[in-house]
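K.L.:
I have a structure I would like to understand better, so I am pasting it below and will then ask my questions one at a time.
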Amino acid sequence: MPVELGFEGRTVLVAGAATALGFAVAEAFGRAGARVALNDLSPERCEQAPG
C-alpha cells in the first residue's frame, strides 16, 4: 500500500545523498513535492544527480 506524504511547499535536506540509499530518499521526497537539498562528503557526486 503506497504511503501518501504531504511535502508540497516544504524543503528537506538529505545528508549522505550521494549514496544509493540517500539518493533514493531524496528522489522520494522530490516525488512527494518537496524541494530537496543534497549534502554529502562527495559534493561532486551530488552535482551529478538529475534535477
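Scheme for the C-alpha cells: letters A, B, ... for chains in order shown; per-chain residue numbers from 1; ligand numbers from 1 in order shown.
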Taking the backbone alone, and naming residues the way the document does, which bits of chain A are strand (DSSP E or B) by DSSP, as a PyMOL selection string?
P.N.:
chain A and resi 11-15+35-39
K.L.:
Please list as an mmCIF file with C-alpha atoms, in the first residue's frame every residue within 7 Å of Ala32 in chain A, counting only C-alpha atoms and excluding residues in the same chain fewer than 3 positions away.
P.N.:
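Once written, selection17.cif looks like this:
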```
data_model
loop_
_atom_site.group_PDB
_atom_site.id
_atom_site.type_symbol
_atom_site.label_atom_id
_atom_site.label_comp_id
_atom_site.auth_asym_id
_atom_site.auth_seq_id
_atom_site.Cartn_x
_atom_site.Cartn_y
_atom_site.Cartn_z
ATOM 1 C CA LEU A 5 3.323 12.043 2.140
ATOM 2 C CA GLY A 6 2.452 15.717 2.050
ATOM 3 C CA PHE A 7 5.683 17.603 1.464
ATOM 4 C CA GLU A 8 4.412 20.182 -1.034
ATOM 5 C CA ALA A 28 11.160 10.043 -2.888
ATOM 6 C CA PHE A 29 10.972 13.457 -1.222
#
```
K.L.:
What lies within 10 Å of Glu27 in chain A using only C-alpha atoms, ignoring chain neighbours under 2 positions off, as a list in words?
P.N.:
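The residues satisfying every condition are Val14, Ala17, Leu21, Gly22, Phe23, Ala24, Val25, Phe29, Gly30, Arg31, Ala32, Ala34, Val36, Ala49, Pro50 and Gly51 of chain A.
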K.L.:
CA of Leu38 in chain A to CA of Arg10 in chain A: how many Å, to one decimal?
P.N.:
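Going from CA of Leu38 in chain A over to CA of Arg10 in chain A, I get 14.3 Å.
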K.L.:
Between CA of Ala26 in chain A and CA of Cys46 in chain A, what distance in Å does the model show, to one decimal?
P.N.:
10.7 Å
K.L.:
Could you pull out the helix (DSSP H, G or I) residues of chain A from DSSP and send them as a PyMOL selection string?
P.N.:
chain A and resi 20-31+43-47
K.L.:
Take the residues just selected and output them with N, CA and C atoms as a PDB file, in the first residue's frame.
P.N.:
```pdb
ATOM      1  N   ALA A  20      23.556   5.314  -2.625  1.00  0.00           N
ATOM      2  CA  ALA A  20      22.348   4.775  -3.256  1.00  0.00           C
ATOM      3  C   ALA A  20      21.113   5.019  -2.393  1.00  0.00           C
ATOM      4  N   LEU A  21      21.211   4.762  -1.101  1.00  0.00           N
ATOM      5  CA  LEU A  21      20.066   4.948  -0.212  1.00  0.00           C
ATOM      6  C   LEU A  21      19.710   6.423  -0.073  1.00  0.00           C
ATOM      7  N   GLY A  22      20.716   7.272   0.114  1.00  0.00           N
ATOM      8  CA  GLY A  22      20.461   8.704   0.248  1.00  0.00           C
ATOM      9  C   GLY A  22      19.825   9.284  -0.998  1.00  0.00           C
ATOM     10  N   PHE A  23      20.284   8.843  -2.157  1.00  0.00           N
ATOM     11  CA  PHE A  23      19.708   9.339  -3.404  1.00  0.00           C
ATOM     12  C   PHE A  23      18.265   8.884  -3.545  1.00  0.00           C
ATOM     13  N   ALA A  24      17.983   7.641  -3.164  1.00  0.00           N
ATOM     14  CA  ALA A  24      16.610   7.134  -3.240  1.00  0.00           C
ATOM     15  C   ALA A  24      15.686   7.921  -2.312  1.00  0.00           C
ATOM     16  N   VAL A  25      16.176   8.268  -1.133  1.00  0.00           N
ATOM     17  CA  VAL A  25      15.384   9.067  -0.193  1.00  0.00           C
ATOM     18  C   VAL A  25      15.117  10.448  -0.787  1.00  0.00           C
ATOM     19  N   ALA A  26      16.152  11.065  -1.354  1.00  0.00           N
ATOM     20  CA  ALA A  26      15.992  12.388  -1.963  1.00  0.00           C
ATOM     21  C   ALA A  26      14.990  12.337  -3.110  1.00  0.00           C
ATOM     22  N   GLU A  27      15.065  11.291  -3.906  1.00  0.00           N
ATOM     23  CA  GLU A  27      14.145  11.126  -5.029  1.00  0.00           C
ATOM     24  C   GLU A  27      12.700  10.979  -4.530  1.00  0.00           C
ATOM     25  N   ALA A  28      12.506  10.230  -3.447  1.00  0.00           N
ATOM     26  CA  ALA A  28      11.160  10.043  -2.888  1.00  0.00           C
ATOM     27  C   ALA A  28      10.597  11.360  -2.368  1.00  0.00           C
ATOM     28  N   PHE A  29      11.429  12.152  -1.691  1.00  0.00           N
ATOM     29  CA  PHE A  29      10.972  13.457  -1.222  1.00  0.00           C
ATOM     30  C   PHE A  29      10.591  14.345  -2.402  1.00  0.00           C
ATOM     31  N   GLY A  30      11.378  14.301  -3.466  1.00  0.00           N
ATOM     32  CA  GLY A  30      11.064  15.092  -4.651  1.00  0.00           C
ATOM     33  C   GLY A  30       9.739  14.691  -5.268  1.00  0.00           C
ATOM     34  N   ARG A  31       9.488  13.384  -5.353  1.00  0.00           N
ATOM     35  CA  ARG A  31       8.207  12.910  -5.889  1.00  0.00           C
ATOM     36  C   ARG A  31       7.039  13.311  -4.990  1.00  0.00           C
ATOM     37  N   PRO A  43      30.695  16.215  -2.696  1.00  0.00           N
ATOM     38  CA  PRO A  43      29.766  17.127  -3.374  1.00  0.00           C
ATOM     39  C   PRO A  43      29.743  16.945  -4.892  1.00  0.00           C
ATOM     40  N   GLU A  44      30.831  16.439  -5.465  1.00  0.00           N
ATOM     41  CA  GLU A  44      30.856  16.235  -6.917  1.00  0.00           C
ATOM     42  C   GLU A  44      29.788  15.231  -7.328  1.00  0.00           C
ATOM     43  N   ARG A  45      29.599  14.196  -6.529  1.00  0.00           N
ATOM     44  CA  ARG A  45      28.593  13.185  -6.857  1.00  0.00           C
ATOM     45  C   ARG A  45      27.187  13.743  -6.685  1.00  0.00           C
ATOM     46  N   CYS A  46      26.990  14.650  -5.742  1.00  0.00           N
ATOM     47  CA  CYS A  46      25.673  15.280  -5.577  1.00  0.00           C
ATOM     48  C   CYS A  46      25.341  16.131  -6.790  1.00  0.00           C
ATOM     49  N   GLU A  47      26.349  16.785  -7.348  1.00  0.00           N
ATOM     50  CA  GLU A  47      26.122  17.640  -8.511  1.00  0.00           C
ATOM     51  C   GLU A  47      25.707  16.834  -9.731  1.00  0.00           C
TER      52      GLU A  47
END
```
